[in-house]
$ cat entry_7.cif   # mmCIF, C-alpha atoms and all ligand atoms
data_coords
loop_
_atom_site.group_PDB
_atom_site.id
_atom_site.type_symbol
_atom_site.label_atom_id
_atom_site.label_comp_id
_atom_site.auth_asym_id
_atom_site.auth_seq_id
_atom_site.Cartn_x
_atom_site.Cartn_y
_atom_site.Cartn_z
ATOM 1 C CA MET H 16 -13.783 41.501 -88.001
ATOM 2 C CA ASP H 17 -11.999 42.687 -91.124
ATOM 3 C CA CYS H 18 -10.673 40.754 -94.105
ATOM 4 C CA GLU H 19 -7.151 40.633 -92.737
ATOM 5 C CA GLU H 20 -8.346 39.056 -89.500
ATOM 6 C CA LEU H 21 -10.440 36.544 -91.319
ATOM 7 C CA PHE H 22 -7.526 35.656 -93.513
ATOM 8 C CA PHE H 23 -5.470 34.722 -90.461
ATOM 9 C CA ILE H 24 -8.045 32.512 -88.804
ATOM 10 C CA LEU H 25 -9.371 30.843 -91.920
ATOM 11 C CA SER H 26 -7.292 27.697 -91.530
ATOM 12 C CA ASP H 27 -8.315 27.419 -87.879
ATOM 13 C CA TYR H 28 -11.892 27.546 -88.975
ATOM 14 C CA PHE H 29 -11.423 24.487 -91.143
ATOM 15 C CA ASP H 30 -9.522 22.744 -88.385
ATOM 16 C CA GLN H 31 -12.448 23.538 -86.128
ATOM 17 C CA GLU H 32 -10.119 25.163 -83.703
ATOM 18 C CA LEU H 33 -11.920 28.467 -83.573
ATOM 19 C CA GLU H 34 -13.688 29.798 -80.539
ATOM 20 C CA MET H 35 -17.422 29.928 -80.985
ATOM 21 C CA GLU H 36 -17.392 33.705 -80.906
ATOM 22 C CA LEU H 37 -14.794 34.028 -83.666
ATOM 23 C CA HIS H 38 -16.531 31.332 -85.608
ATOM 24 C CA ASP H 39 -19.772 33.334 -85.626
ATOM 25 C CA GLU H 40 -18.028 36.597 -86.397
ATOM 26 C CA MET H 41 -16.322 34.985 -89.304
ATOM 27 C CA GLU H 42 -19.523 33.604 -90.779
ATOM 28 C CA GLU H 43 -21.132 36.985 -90.278
ATOM 29 C CA HIS H 44 -18.314 38.658 -92.179
ATOM 30 C CA ILE H 45 -18.424 36.163 -95.025
ATOM 31 C CA LYS H 46 -22.095 36.920 -95.571
ATOM 32 C CA THR H 47 -21.353 40.581 -96.085
ATOM 33 C CA CYS H 48 -18.043 40.489 -97.930
ATOM 34 C CA CYS H 49 -17.782 39.016 -101.415
ATOM 35 C CA TYR H 50 -14.000 38.960 -101.268
ATOM 36 C CA CYS H 51 -14.003 36.698 -98.224
ATOM 37 C CA GLU H 52 -16.922 34.705 -99.514
ATOM 38 C CA PHE H 53 -14.886 33.869 -102.574
ATOM 39 C CA LEU H 54 -11.801 33.165 -100.502
ATOM 40 C CA PHE H 55 -13.769 30.910 -98.193
ATOM 41 C CA ASP H 56 -15.395 29.073 -101.076
ATOM 42 C CA THR H 57 -12.198 28.488 -102.956
ATOM 43 C CA PHE H 58 -10.389 27.441 -99.833
ATOM 44 C CA SER H 59 -12.976 24.879 -98.832
ATOM 45 C CA LYS H 60 -13.105 23.454 -102.360
ATOM 46 C CA THR H 61 -9.344 23.178 -102.459
ATOM 47 C CA LEU H 62 -9.325 21.363 -99.141
ATOM 48 C CA GLU H 63 -11.999 19.014 -100.405
ATOM 49 C CA LEU H 64 -9.920 18.228 -103.453
ATOM 50 C CA CYS H 65 -6.856 17.631 -101.312
ATOM 51 C CA SER H 66 -8.657 15.222 -99.048
ATOM 52 C CA GLU H 67 -10.103 13.356 -101.996
ATOM 53 C CA MET H 68 -6.746 12.931 -103.633
ATOM 54 C CA GLU H 69 -4.978 11.687 -100.557
ATOM 55 C CA GLN H 70 -6.017 10.912 -97.054
ATOM 56 C CA LEU H 71 -3.386 13.180 -95.677
ATOM 57 C CA GLU H 72 -3.909 15.810 -93.092
ATOM 58 C CA VAL H 73 -3.322 19.218 -94.610
ATOM 59 C CA SER H 74 -0.721 20.992 -92.584
ATOM 60 C CA PRO H 75 -1.094 24.625 -91.471
ATOM 61 C CA GLU H 76 1.716 25.532 -93.848
ATOM 62 C CA VAL H 77 -0.265 24.171 -96.763
ATOM 63 C CA HIS H 78 -3.346 26.049 -95.565
ATOM 64 C CA LEU H 79 -1.428 29.282 -95.570
ATOM 65 C CA ARG H 80 0.079 28.582 -98.939
ATOM 66 C CA ILE H 81 -3.352 27.961 -100.454
ATOM 67 C CA ILE H 82 -4.724 31.170 -98.972
ATOM 68 C CA GLN H 83 -1.782 33.135 -100.308
ATOM 69 C CA LEU H 84 -2.267 31.726 -103.791
ATOM 70 C CA ILE H 85 -5.965 32.531 -103.748
ATOM 71 C CA ARG H 86 -5.195 36.003 -102.509
ATOM 72 C CA ILE H 87 -2.746 36.723 -105.294
ATOM 73 C CA GLU H 88 -5.298 35.479 -107.794
ATOM 74 C CA ILE H 89 -8.009 37.731 -106.432
ATOM 75 C CA GLU H 90 -5.703 40.722 -106.383
ATOM 76 C CA ASN H 91 -4.706 40.130 -109.971
ATOM 77 C CA ASP H 92 -8.348 39.764 -110.915
ATOM 78 C CA THR H 93 -9.494 42.998 -109.400
ATOM 79 C CA ARG H 94 -6.712 45.061 -110.899
HETATM 80 ZN ZN ZN L 101 -13.806 40.422 -96.058
#
$ encode --input "entry_7.cif" --output "structure tokens" --more "lines below"
Ligand SMILES: [Zn+2]
Amino acid sequence: MDCEELFFILSDYFDQELEMELHDEMEEHIKTCCYCEFLFDTFSKTLELCSEMEQLEVSPEVHLRIIQLIRIEIENDTR
């Protein structure tokens, strides 16, 4: 699995809609990639915050939006 792949399935992971195999591959990748580790961390914290603020289900669109924002931030950081 590469970072791009992980990026696409990240929201499924949190929805627990991932196949076991992908799920494991993803966790494996996160252990070895600091970029994705950070992405994963930030994403899960953001979701936590969202669910604390309102008991609303976070839509896939919002998931994607969050990931994109995090991504831009990381890219700006590393430049
Ligand atoms: Zn990665």
$ closest_atom_pairs --input "entry_7.cif" --of "chain H" --to "ligand ZN 101 (chain L)" --cutoff "8 Å" --atoms "all atoms listed in the file" --output "tab-separated table"
residue	atom	partner	partner_atom	distance
H:Asp17	CA	L:ZN101	ZN	5.7
H:Cys18	CA	L:ZN101	ZN	3.7
H:Glu19	CA	L:ZN101	ZN	7.4
H:Leu21	CA	L:ZN101	ZN	7.0
H:His44	CA	L:ZN101	ZN	6.2
H:Ile45	CA	L:ZN101	ZN	6.4
H:Thr47	CA	L:ZN101	ZN	7.5
H:Cys48	CA	L:ZN101	ZN	4.6
H:Cys49	CA	L:ZN101	ZN	6.8
H:Tyr50	CA	L:ZN101	ZN	5.4
H:Cys51	CA	L:ZN101	ZN	4.3
H:Glu52	CA	L:ZN101	ZN	7.4
$ atom_distance --input "entry_7.cif" --atom1 "atom CA of H:Phe23" --atom2 "atom CA of H:Glu63"
19.7 Å
$ residues_around --input "entry_7.cif" --residues "H:Leu79" --least-positions-apart "6" --cutoff "12 Å" --atoms "only C-alpha atoms" --output "ChimeraX atom specification"
/H:22-27,29,58,62,73,85-86
$ closest_residue --input "entry_7.cif" --among "H:Glu43, H:Glu88, H:Glu76, H:Glu34" --to "H:Thr57" --atoms "only C-alpha atoms"
H:Glu88
$ atom_distance --input "entry_7.cif" --atom1 "atom CA of H:Ile81" --atom2 "atom CA of H:Glu20"
16.4 Å
$ closest_residue --input "entry_7.cif" --among "H:Val77, H:Leu84, H:Leu64, H:Met16" --to "H:His38" --atoms "only C-alpha atoms"
H:Met16
$ atom_distance --input "entry_7.cif" --atom1 "atom CA of H:Asn91" --atom2 "atom CA of H:Cys65"
24.2 Å
